[in-house]
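Source file: target.cif. Holds: mmCIF, C-alpha atoms.
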data_query
loop_
_atom_site.label_atom_id
_atom_site.label_comp_id
_atom_site.auth_asym_id
_atom_site.auth_seq_id
_atom_site.Cartn_x
_atom_site.Cartn_y
_atom_site.Cartn_z
CA MET A 15 88.03 136.36 -235.54
CA LEU A 16 91.01 134.05 -235.84
CA ASP A 17 92.93 134.23 -239.12
CA LEU A 18 92.87 130.52 -239.99
CA PRO A 19 93.49 129.05 -243.45
CA ASP A 20 90.87 126.99 -245.23
CA PHE A 21 91.00 123.29 -244.35
CA PRO A 22 93.27 122.13 -247.19
CA TRP A 23 91.80 118.70 -247.95
CA ASP A 24 88.41 120.23 -248.77
CA SER A 25 89.98 121.68 -251.92
CA LEU A 26 90.73 118.19 -253.27
CA ALA A 27 87.04 117.37 -253.83
CA PRO A 28 87.02 118.21 -257.60
CA LEU A 29 90.18 116.17 -258.23
CA LYS A 30 88.81 113.28 -256.19
CA GLU A 31 85.63 113.35 -258.25
CA ARG A 32 87.65 113.33 -261.48
CA ALA A 33 89.89 110.47 -260.35
CA SER A 34 86.84 108.51 -259.19
CA SER A 35 85.22 108.80 -262.61
CA VAL A 36 88.12 107.17 -264.49
CA ALA A 37 87.39 103.72 -265.89
CA THR A 38 90.28 101.39 -264.97
CA ASP A 39 91.15 97.92 -266.26
CA ASP A 40 91.56 96.60 -262.70
CA GLY A 41 88.03 97.62 -261.74
CA LEU A 42 89.15 99.08 -258.42
CA GLY A 43 88.25 102.67 -259.22
CA LEU A 44 89.80 105.44 -257.15
CA VAL A 45 93.11 104.77 -255.41
CA ASP A 46 93.31 107.47 -252.74
CA LEU A 47 96.93 108.12 -251.73
CA SER A 48 96.29 111.64 -250.48
CA VAL A 49 95.88 111.14 -246.73
CA GLY A 50 98.13 109.21 -244.37
CA THR A 51 95.41 107.40 -242.47
CA PRO A 52 96.18 103.79 -241.46
CA VAL A 53 94.12 101.05 -243.12
CA ASP A 54 95.52 97.93 -241.44
CA PRO A 55 94.01 96.32 -238.30
CA THR A 56 94.80 97.66 -234.86
CA PRO A 57 97.18 95.11 -233.27
CA ALA A 58 95.51 92.41 -231.16
CA VAL A 59 97.67 93.23 -228.12
CA VAL A 60 96.29 96.77 -228.16
CA GLN A 61 92.68 95.73 -228.75
CA GLU A 62 92.90 93.31 -225.83
CA ALA A 63 94.30 96.00 -223.56
CA LEU A 64 91.44 98.34 -224.53
CA ARG A 65 88.84 95.65 -223.77
CA SER A 66 90.45 94.94 -220.40
CA ALA A 67 89.92 98.58 -219.42
CA ALA A 68 86.35 98.92 -220.68
CA ASP A 69 84.96 99.26 -217.14
CA ALA A 70 86.03 102.86 -216.49
CA PRO A 71 83.47 104.68 -214.29
CA GLY A 72 85.88 107.20 -212.76
CA TYR A 73 87.82 110.15 -214.12
CA PRO A 74 91.27 109.27 -215.53
CA GLN A 75 94.48 111.04 -214.59
CA THR A 76 95.38 113.97 -216.82
CA ARG A 77 99.07 113.34 -216.28
CA GLY A 78 98.69 109.66 -217.18
CA THR A 79 99.01 106.57 -215.02
CA PRO A 80 102.40 105.78 -213.47
CA ALA A 81 102.45 102.58 -215.53
CA LEU A 82 101.98 104.52 -218.77
CA ARG A 83 104.62 107.12 -217.98
CA GLU A 84 107.12 104.46 -216.97
CA ALA A 85 106.35 102.44 -220.10
CA VAL A 86 107.02 105.47 -222.28
CA ALA A 87 110.34 106.07 -220.50
CA ARG A 88 111.30 102.42 -221.16
CA TRP A 89 110.26 102.79 -224.81
CA PHE A 90 112.58 105.77 -225.21
CA ALA A 91 115.40 103.70 -223.71
CA THR A 92 114.84 100.56 -225.78
CA ARG A 93 113.63 102.03 -229.11
CA ARG A 94 115.04 105.55 -229.29
CA GLY A 95 118.41 105.33 -227.56
CA VAL A 96 117.30 107.76 -224.83
CA PRO A 97 117.98 106.17 -221.41
CA ASP A 98 117.27 109.21 -219.26
CA VAL A 99 113.62 110.17 -219.80
CA ASP A 100 112.08 111.04 -216.43
CA PRO A 101 108.56 109.56 -216.08
CA ASP A 102 107.60 112.88 -214.48
CA GLY A 103 108.41 114.44 -217.86
CA VAL A 104 105.87 112.27 -219.72
CA MET A 105 102.18 113.04 -220.35
CA PRO A 106 99.63 111.39 -222.65
CA THR A 107 97.77 113.56 -225.15
CA ILE A 108 94.57 113.19 -227.19
CA GLY A 109 96.47 112.36 -230.36
CA SER A 110 99.48 114.46 -231.30
CA LYS A 111 97.63 116.93 -233.52
CA GLU A 112 95.79 118.52 -230.60
CA LEU A 113 99.06 119.07 -228.76
CA VAL A 114 100.70 120.54 -231.87
CA ALA A 115 97.74 122.87 -232.31
CA TRP A 116 97.55 123.97 -228.68
CA LEU A 117 101.20 123.91 -227.57
CA PRO A 118 101.84 127.65 -228.15
CA THR A 119 98.71 128.45 -226.12
CA LEU A 120 99.59 125.97 -223.37
CA LEU A 121 103.04 127.57 -223.11
CA GLY A 122 101.45 131.00 -222.68
CA LEU A 123 102.50 132.44 -226.04
CA GLY A 124 100.48 135.24 -227.56
CA ALA A 125 100.56 138.38 -229.67
CA GLY A 126 104.10 139.41 -230.57
CA ASP A 127 105.60 135.97 -229.93
CA VAL A 128 107.13 134.07 -232.84
CA VAL A 129 106.63 130.35 -233.53
CA GLY A 130 109.09 128.88 -236.04
CA PHE A 131 108.68 125.79 -238.25
CA PRO A 132 110.10 124.36 -241.52
CA SER A 133 109.03 125.70 -244.92
CA ALA A 134 107.64 122.31 -245.98
CA ALA A 135 105.74 121.30 -242.90
CA TYR A 136 102.64 119.88 -241.30
CA PRO A 137 100.09 122.73 -241.53
CA THR A 138 99.13 122.50 -237.85
CA TYR A 139 102.38 124.15 -236.74
CA ASP A 140 101.17 127.31 -238.46
CA VAL A 141 97.61 126.86 -237.18
CA GLY A 142 98.84 126.45 -233.59
CA ALA A 143 100.64 129.78 -233.75
CA ARG A 144 97.50 131.45 -235.11
CA LEU A 145 95.29 129.93 -232.40
CA ALA A 146 97.56 131.56 -229.81
CA ARG A 147 97.52 134.80 -231.83
CA ALA A 148 101.29 134.44 -232.10
CA THR A 149 103.25 135.03 -235.30
CA PRO A 150 103.95 131.96 -237.48
CA ARG A 151 107.31 132.10 -239.23
CA VAL A 152 109.09 129.76 -241.61
CA VAL A 153 112.56 128.91 -240.31
CA ASP A 154 114.53 126.80 -242.76
CA GLY A 155 117.83 127.32 -241.04
CA LEU A 156 118.97 129.27 -238.02
CA ALA A 157 120.95 131.64 -240.20
CA ALA A 158 117.70 132.63 -241.93
CA LEU A 159 116.60 134.36 -238.73
CA GLY A 160 119.32 136.96 -239.19
CA PRO A 161 120.44 139.19 -236.30
CA LEU A 162 118.15 138.35 -233.42
CA THR A 163 116.18 140.86 -231.39
CA PRO A 164 113.67 140.22 -228.58
CA SER A 165 110.83 140.63 -231.09
CA THR A 166 112.28 138.31 -233.76
CA THR A 167 113.63 135.49 -231.60
CA PRO A 168 111.16 132.57 -231.65
CA LYS A 169 109.69 131.57 -228.30
CA LEU A 170 108.94 128.13 -229.75
CA LEU A 171 110.77 126.32 -232.58
CA TRP A 172 109.29 123.21 -234.19
CA VAL A 173 111.54 120.46 -235.50
CA ASN A 174 110.02 117.58 -237.48
CA SER A 175 112.12 114.49 -238.10
CA PRO A 176 111.29 112.34 -239.96
CA GLY A 177 109.58 115.17 -241.78
CA ASN A 178 106.04 115.32 -243.03
CA PRO A 179 105.71 115.65 -246.01
CA THR A 180 109.34 115.27 -247.07
CA GLY A 181 110.47 112.20 -245.13
CA LYS A 182 113.76 113.96 -244.40
CA VAL A 183 115.71 112.71 -241.38
CA LEU A 184 117.75 115.15 -239.29
CA GLY A 185 120.97 113.72 -237.92
CA ILE A 186 122.41 114.07 -234.45
CA PRO A 187 124.88 116.88 -235.36
CA HIS A 188 122.06 118.96 -236.84
CA LEU A 189 119.78 118.42 -233.85
CA ALA A 190 122.61 119.16 -231.40
CA LYS A 191 123.30 122.45 -233.18
CA VAL A 192 119.62 123.43 -232.94
CA VAL A 193 119.49 122.59 -229.23
CA ALA A 194 122.67 124.51 -228.42
CA TRP A 195 121.38 127.56 -230.31
CA ALA A 196 117.97 127.37 -228.64
CA ARG A 197 119.48 127.22 -225.19
CA ARG A 198 121.66 130.25 -225.87
CA HIS A 199 118.55 132.23 -226.80
CA GLY A 200 115.98 130.80 -224.37
CA VAL A 201 113.93 129.07 -227.08
CA VAL A 202 111.74 126.03 -226.41
CA VAL A 203 112.30 123.30 -229.02
CA ALA A 204 109.44 120.91 -229.75
CA SER A 205 110.25 117.92 -231.95
CA ASP A 206 107.48 116.10 -233.79
CA GLU A 207 108.81 112.55 -234.19
CA CYS A 208 105.73 110.46 -235.01
CA TYR A 209 107.33 108.65 -238.00
CA ALA A 210 110.50 107.65 -236.13
CA GLU A 211 109.82 103.89 -236.27
CA LEU A 212 109.39 104.03 -240.07
CA ASP A 213 112.96 104.71 -241.18
CA TRP A 214 113.83 103.18 -244.57
CA ARG A 215 117.56 103.88 -244.56
CA THR A 216 119.76 100.79 -244.51
CA ASP A 217 121.92 102.35 -241.78
CA ARG A 218 118.93 103.49 -239.75
CA GLY A 219 120.38 102.68 -236.33
CA SER A 220 121.65 100.04 -233.96
CA GLU A 221 120.06 97.46 -231.67
CA THR A 222 119.97 100.06 -228.90
CA ALA A 223 118.52 102.80 -231.13
CA PRO A 224 116.81 101.23 -234.14
CA THR A 225 114.93 104.37 -235.15
CA THR A 226 115.74 107.93 -236.19
CA PRO A 227 117.46 110.19 -233.64
CA SER A 228 115.28 111.88 -231.04
CA ILE A 229 115.68 115.45 -229.85
CA LEU A 230 116.09 113.85 -226.40
CA ASP A 231 119.09 111.72 -227.43
CA PRO A 232 121.99 112.27 -224.98
CA ALA A 233 124.29 113.01 -227.93
CA VAL A 234 121.93 115.86 -228.83
CA THR A 235 121.13 117.19 -225.37
CA GLY A 236 124.42 116.83 -223.51
CA GLY A 237 122.51 114.97 -220.79
CA SER A 238 119.82 117.56 -220.03
CA HIS A 239 116.28 117.79 -221.41
CA GLU A 240 115.92 121.41 -220.37
CA GLY A 241 113.81 123.37 -222.85
CA LEU A 242 113.03 120.30 -224.97
CA LEU A 243 109.83 118.41 -225.79
CA ALA A 244 109.41 115.34 -228.00
CA VAL A 245 105.91 114.74 -229.38
CA TYR A 246 104.96 111.23 -230.44
CA SER A 247 101.89 109.52 -231.87
CA LEU A 248 100.97 105.84 -231.98
CA SER A 249 98.69 106.44 -234.97
CA LYS A 250 101.31 105.53 -237.56
CA GLN A 251 103.40 102.79 -236.01
CA SER A 252 100.49 100.98 -234.32
CA ASN A 253 97.43 101.83 -236.46
CA LEU A 254 95.86 103.76 -233.58
CA ALA A 255 94.60 106.85 -235.39
CA GLY A 256 91.08 106.09 -234.14
CA TYR A 257 92.28 105.81 -230.53
CA ARG A 258 93.85 109.30 -230.44
CA ALA A 259 96.80 107.89 -228.50
CA ALA A 260 99.95 110.00 -228.20
CA PHE A 261 102.28 111.56 -225.66
CA VAL A 262 104.74 114.34 -225.03
CA ALA A 263 108.01 113.83 -223.16
CA GLY A 264 111.04 115.85 -222.16
CA ASP A 265 111.69 118.69 -219.73
CA PRO A 266 109.65 117.88 -216.57
CA ARG A 267 109.30 121.60 -215.84
CA LEU A 268 107.70 122.25 -219.22
CA VAL A 269 105.48 119.19 -218.96
CA ARG A 270 104.22 120.41 -215.56
CA ARG A 271 103.29 123.74 -217.18
CA LEU A 272 101.31 121.92 -219.85
CA LEU A 273 99.71 119.70 -217.24
CA GLU A 274 98.40 122.57 -215.12
CA VAL A 275 96.52 124.12 -218.03
CA ARG A 276 95.26 120.77 -219.30
CA LYS A 277 93.85 119.88 -215.88
CA HIS A 278 91.84 123.09 -215.84
CA ALA A 279 90.69 122.54 -219.45
CA GLY A 280 89.72 118.89 -219.03
CA MET A 281 92.13 117.76 -221.75
CA ILE A 282 92.30 114.16 -220.54
CA VAL A 283 93.12 110.96 -222.43
CA PRO A 284 90.40 108.40 -221.63
CA TRP A 285 91.43 105.65 -219.22
CA PRO A 286 90.94 102.75 -221.69
CA VAL A 287 93.13 104.58 -224.24
CA GLN A 288 95.82 105.09 -221.61
CA VAL A 289 95.83 101.34 -220.96
CA ALA A 290 95.97 100.62 -224.70
CA LEU A 291 98.80 103.12 -225.19
CA THR A 292 100.75 101.46 -222.37
CA ALA A 293 100.40 98.09 -224.09
CA ALA A 294 101.38 99.50 -227.48
CA VAL A 295 104.66 101.08 -226.37
CA GLY A 296 105.54 97.88 -224.52
CA ASP A 297 105.27 95.65 -227.59
CA SER A 298 107.76 96.06 -230.43
CA ALA A 299 106.72 92.94 -232.36
CA HIS A 300 103.62 94.55 -233.87
CA VAL A 301 105.66 97.63 -234.83
CA GLU A 302 108.20 95.55 -236.73
CA ALA A 303 105.39 93.64 -238.45
CA GLN A 304 103.66 96.84 -239.55
CA ARG A 305 106.95 98.34 -240.67
CA ALA A 306 107.46 95.31 -242.93
CA VAL A 307 104.01 95.88 -244.46
CA TYR A 308 104.82 99.49 -245.28
CA ALA A 309 108.27 98.57 -246.55
CA ALA A 310 106.71 96.14 -249.04
CA ARG A 311 104.22 98.77 -250.22
CA ARG A 312 107.03 101.26 -250.63
CA GLU A 313 109.08 98.79 -252.67
CA THR A 314 106.07 98.32 -254.95
CA LEU A 315 105.16 101.97 -255.38
CA LEU A 316 108.54 103.73 -255.46
CA PRO A 317 109.81 102.36 -258.80
CA ALA A 318 106.39 102.92 -260.38
CA VAL A 319 106.34 106.57 -259.33
CA ARG A 320 109.77 106.99 -260.87
CA ALA A 321 108.66 105.19 -264.04
CA PHE A 322 105.83 107.72 -264.30
CA GLY A 323 108.49 110.42 -264.58
CA LEU A 324 108.54 111.76 -261.04
CA GLU A 325 111.70 112.33 -259.05
CA VAL A 326 111.39 111.22 -255.43
CA THR A 327 113.33 113.52 -253.10
CA ASP A 328 114.25 112.88 -249.45
CA SER A 329 111.60 110.29 -248.41
CA ASP A 330 114.13 108.45 -246.24
CA ALA A 331 111.48 107.71 -243.61
CA GLY A 332 107.77 107.99 -242.97
CA LEU A 333 104.70 107.00 -244.95
CA TYR A 334 105.03 109.19 -248.03
CA LEU A 335 106.88 109.67 -251.27
CA TRP A 336 107.73 113.34 -251.81
CA ALA A 337 107.80 113.56 -255.59
CA THR A 338 108.20 116.17 -258.31
CA ALA A 339 108.06 116.43 -262.08
CA GLY A 340 109.45 119.98 -262.02
CA GLU A 341 106.00 121.36 -262.77
CA ASP A 342 103.18 122.96 -260.78
CA ALA A 343 101.81 120.44 -258.29
CA ARG A 344 98.28 120.81 -259.68
CA VAL A 345 99.46 119.70 -263.10
CA THR A 346 101.00 116.57 -261.59
CA LEU A 347 97.83 115.90 -259.61
CA GLU A 348 95.71 116.16 -262.74
CA ARG A 349 97.97 113.70 -264.56
CA LEU A 350 97.67 111.26 -261.65
CA ALA A 351 93.89 111.73 -261.56
CA GLU A 352 93.73 110.61 -265.20
CA HIS A 353 94.88 107.22 -263.90
CA GLY A 354 92.35 107.20 -261.05
CA ILE A 355 94.96 108.14 -258.44
CA LEU A 356 94.61 110.93 -255.89
CA ALA A 357 97.62 112.47 -254.12
CA ALA A 358 98.14 115.61 -252.04
CA PRO A 359 99.66 118.81 -253.46
CA GLY A 360 102.87 119.98 -251.88
CA THR A 361 101.33 123.43 -251.47
CA PHE A 362 99.32 122.03 -248.53
CA TYR A 363 102.64 122.04 -246.67
CA GLY A 364 103.93 125.47 -247.59
CA PRO A 365 105.25 127.39 -250.59
CA GLY A 366 108.32 125.17 -250.74
CA GLY A 367 106.12 122.36 -252.02
CA ARG A 368 104.57 124.08 -255.02
CA GLN A 369 106.23 121.64 -257.46
CA HIS A 370 105.84 118.53 -255.31
CA VAL A 371 103.11 116.04 -254.55
CA ARG A 372 102.87 113.79 -251.49
CA ILE A 373 101.98 110.18 -252.27
CA ALA A 374 100.95 108.07 -249.27
CA LEU A 375 101.75 104.40 -248.67
CA THR A 376 98.60 104.04 -246.57
CA ALA A 377 96.35 102.03 -248.87
CA PRO A 378 95.56 98.31 -248.94
CA ASP A 379 98.02 96.10 -250.82
CA ASP A 380 95.70 95.53 -253.77
CA ARG A 381 95.30 99.27 -254.33
CA ILE A 382 99.03 99.91 -253.99
CA ARG A 383 99.63 97.24 -256.64
CA ALA A 384 96.90 98.74 -258.83
CA ALA A 385 98.43 102.22 -258.54
CA ALA A 386 101.87 100.86 -259.42
CA ALA A 387 100.51 99.03 -262.46
CA ARG A 388 98.66 102.13 -263.70
CA LEU A 389 101.68 104.36 -263.26
CA THR A 390 103.97 101.90 -265.01
CA ALA A 391 101.54 101.40 -267.89
CA GLY A 392 100.99 105.17 -268.23
#
Representation of the structure as structure tokens:
Amino acid sequence: MLDLPDFPWDSLAPLKERASSVATDDGLGLVDLSVGTPVDPTPAVVQEALRSAADAPGYPQTRGTPALREAVARWFATRRGVPDVDPDGVMPTIGSKELVAWLPTLLGLGAGDVVGFPSAAYPTYDVGARLARATPRVVDGLAALGPLTPSTTPKLLWVNSPGNPTGKVLGIPHLAKVVAWARRHGVVVASDECYAELDWRTDRGSETAPTTPSILDPAVTGGSHEGLLAVYSLSKQSNLAGYRAAFVAGDPRLVRRLLEVRKHAGMIVPWPVQVALTAAVGDSAHVEAQRAVYAARRETLLPAVRAFGLEVTDSDAGLYLWATAGEDARVTLERLAEHGILAAPGTFYGPGGRQHVRIALTAPDDRIRAAAARLTAG
């Protein structure tokens, strides 16, 4: 039997029930800010692309159409400041979560191999290591690994920027240091970058790189993508969670290894979704529009969370406020539930989050306003 943790969101049922039972002056009942699932419409340009590809009687390409792979390479050049992505190093995936979960297995890792990830992190990094029967290990700094031996050196190291749940953004010097270290020790670095287009810093970038730095940035890589993979999802920036539209890009040699296993396993993105994904990465207008929506929700919710007595830490990018009252996360959650608001405990993301809660911006405007009013009044 695999040693997998309980699915964390199942444990929120009692708190959700309590928050749902609260009588509120606004009459809206529960405001669920626990899960980062998009609630706004899928952009028309993407819906039209999906409809145009509805007649799909044949099997799609596991590696993705040439048009899709070239579109992703152009997106890296125009939106991420990465001009040298090889289309042969691009492959669509069935959402990013499945790739995160299966990457150690696809890379051939197993018992005795170490998979590293941050202490406050998306739980699927840990789950992916367990699925491969590898050893999950928190790595909050390269120095924390101590003197390296063949048995303690990670075979795979996850980087997540902007981070989930913290919203922390890693700069180019930090990423370059990680890449240089990984190459010295033969470590594959996988960077989960799915919140990159949702950077709230005023100095977030330039016209040629308007988002957070990618692990594939030439200033990080020195001009080579060897040993590097960037994982990206359209769920957040384009409201495509229901499409399961994502991709991995980077070292063509590594992508070919993933492709060979995926072909045998039938892990194929449906043809209509490939067409929709191609349209989505080729249109920045809908991304800027959605970013403005989230920015407005953040501007409404952030001061209210602070007025409630919570300190918001990091949270420079992404769809969450990482907040603490310096108390056990469950205590904070219970206080929020008294106002009909549900958030996620930081413990879902590792022991480093035991005094934090994650508050999502992914709720309709009226519910964000209601949550802000309740928090300010309380």
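Atom CA of Thr92 of chain A to atom CA of Gly177 of chain A spans 22.3 Å [interatomic distance, one decimal].
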Identify, on the basis of all atoms listed in the file, every residue whose closest approach to Ser34 of chain A does not exceed 9 Å; exclude the query and any residue fewer than 5 positions from it along the same chain; express the result as JSON, numbers by chain. {"A": [29, 43, 44, 45, 351, 354, 355, 356]}
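Against this structure, the PyMOL selection byres ((chain A and resi 291) around 9) ends up with Val60, Ala63, Leu64, Leu82, Pro106, Leu248, Leu254, Tyr257, Ala259, Ala260, Pro286, Val287, Gln288, Val289, Ala290, Thr292, Ala293, Ala294, Val295 and Gly296 of chain A.
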I want to know what sits within 12 Å of Leu42 of chain A, based on only C-alpha atoms, with residues of the same chain fewer than 2 positions away left out; could you give that as a ChimeraX atom specification? /A:33-40,44-46,353-355,378,380-385,388
Would you export the selected residues with C-alpha atoms as a PDB file, keeping the file's coordinate frame, please?
ATOM      1  CA  ALA A  33      89.890 110.470-260.350  1.00  0.00           C
ATOM      2  CA  SER A  34      86.840 108.510-259.190  1.00  0.00           C
ATOM      3  CA  SER A  35      85.220 108.800-262.610  1.00  0.00           C
ATOM      4  CA  VAL A  36      88.120 107.170-264.490  1.00  0.00           C
ATOM      5  CA  ALA A  37      87.390 103.720-265.890  1.00  0.00           C
ATOM      6  CA  THR A  38      90.280 101.390-264.970  1.00  0.00           C
ATOM      7  CA  ASP A  39      91.150  97.920-266.260  1.00  0.00           C
ATOM      8  CA  ASP A  40      91.560  96.600-262.700  1.00  0.00           C
ATOM      9  CA  LEU A  44      89.800 105.440-257.150  1.00  0.00           C
ATOM     10  CA  VAL A  45      93.110 104.770-255.410  1.00  0.00           C
ATOM     11  CA  ASP A  46      93.310 107.470-252.740  1.00  0.00           C
ATOM     12  CA  HIS A 353      94.880 107.220-263.900  1.00  0.00           C
ATOM     13  CA  GLY A 354      92.350 107.200-261.050  1.00  0.00           C
ATOM     14  CA  ILE A 355      94.960 108.140-258.440  1.00  0.00           C
ATOM     15  CA  PRO A 378      95.560  98.310-248.940  1.00  0.00           C
ATOM     16  CA  ASP A 380      95.700  95.530-253.770  1.00  0.00           C
ATOM     17  CA  ARG A 381      95.300  99.270-254.330  1.00  0.00           C
ATOM     18  CA  ILE A 382      99.030  99.910-253.990  1.00  0.00           C
ATOM     19  CA  ARG A 383      99.630  97.240-256.640  1.00  0.00           C
ATOM     20  CA  ALA A 384      96.900  98.740-258.830  1.00  0.00           C
ATOM     21  CA  ALA A 385      98.430 102.220-258.540  1.00  0.00           C
ATOM     22  CA  ARG A 388      98.660 102.130-263.700  1.00  0.00           C
TER      23      ARG A 388
END
Residues of segment 189-287 of chain A within 9 Å of segment 323-334 of chain A: nearest atom pair and distance (Å, one decimal) for each, counting only C-alpha atoms, sorted by chain and number, as a Markdown table?
| residue | atom | partner | partner_atom | distance |
| --- | --- | --- | --- | --- |
| A:Cys208 | CA | A:Gly332 | CA | 8.6 |
| A:Tyr209 | CA | A:Gly332 | CA | 5.0 |
| A:Ala210 | CA | A:Gly332 | CA | 7.4 |
| A:Glu211 | CA | A:Gly332 | CA | 8.1 |
| A:Leu212 | CA | A:Gly332 | CA | 5.2 |
| A:Asp213 | CA | A:Ala331 | CA | 4.1 |
| A:Trp214 | CA | A:Ala331 | CA | 5.2 |
| A:Arg215 | CA | A:Asp330 | CA | 6.0 |
| A:Thr226 | CA | A:Ala331 | CA | 8.6 |
| A:Lys250 | CA | A:Leu333 | CA | 8.3 |
So that I can see what lies close to segment 112-120 of chain A, please list as an MDAnalysis selection string the residues with an atom at most 8 Å from it, counting all atoms listed in the file and leaving out residues fewer than 6 positions away in the same chain. chainID A and resid 129 138:139 141:143 145:146 148 170 271:272 275:276
Using all atoms listed in the file, which residue out of A:Lys191, A:Lys30, A:Lys111, A:Arg77 lies closest to Tyr136 of chain A? A:Lys111
Residues matched by the PyMOL selection byres ((chain A and resi 137) around 12) as a PyMOL selection string: chain A and resi 18-23+111+114-115+131-136+138-144+150+152+172+174+178-179+360-365
At most 12 Å from (123.8, 113.7, -225.7), file frame, only C-alpha atoms: which residues, as a PyMOL selection string? chain A and resi 95-98+186-187+189-191+193-194+227-239
I need the residue nearest Val128 of chain A from this list: A:Ala358, A:Val301, A:Val319, A:Leu162. Use all atoms listed in the file for the distance. A:Leu162
Give me the result of the PyMOL selection byres ((chain A and resi 75) around 12) on this file, residue by residue, as a ChimeraX atom specification. /A:70,72-74,76-83,105-107,273,276-277,280-289
So, counting only C-alpha atoms, which residue among A:Ala125, A:Val49, A:Val104, A:Leu347 is closest to Arg88 of chain A? A:Val104
Computed gap from atom CA of Arg258 of chain A to atom CA of Ala279 of chain A is 17.5 Å
note - atom CA of Ser48 of chain A and atom CA of Asp217 of chain A are separated by 28.6 Å
In the coordinates of the file, take the point (105.8, 113.3, -254.5) and a cut-off of 6 Å; then, counting all atoms listed in the file, name each qualifying protein, DNA or RNA residue as a PDB file with C-alpha atoms, keeping the file's coordinate frame.
ATOM      1  CA  LEU A 335     106.880 109.670-251.270  1.00  0.00           C
ATOM      2  CA  TRP A 336     107.730 113.340-251.810  1.00  0.00           C
ATOM      3  CA  ALA A 337     107.800 113.560-255.590  1.00  0.00           C
ATOM      4  CA  THR A 338     108.200 116.170-258.310  1.00  0.00           C
ATOM      5  CA  HIS A 370     105.840 118.530-255.310  1.00  0.00           C
ATOM      6  CA  VAL A 371     103.110 116.040-254.550  1.00  0.00           C
ATOM      7  CA  ARG A 372     102.870 113.790-251.490  1.00  0.00           C
ATOM      8  CA  ILE A 373     101.980 110.180-252.270  1.00  0.00           C
TER       9      ILE A 373
END
The residue from A:Asp265, A:Glu274, A:Asp379, A:Asp342 with the smallest atom-to-atom distance to Pro101 of chain A, counting all atoms listed in the file, is A:Asp265
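Proximity to Asp127 of chain A was assessed for A:Leu156, A:Leu389, A:Leu171, A:Ala91 counting all atoms listed in the file; the smallest distance is recorded for A:Leu171.
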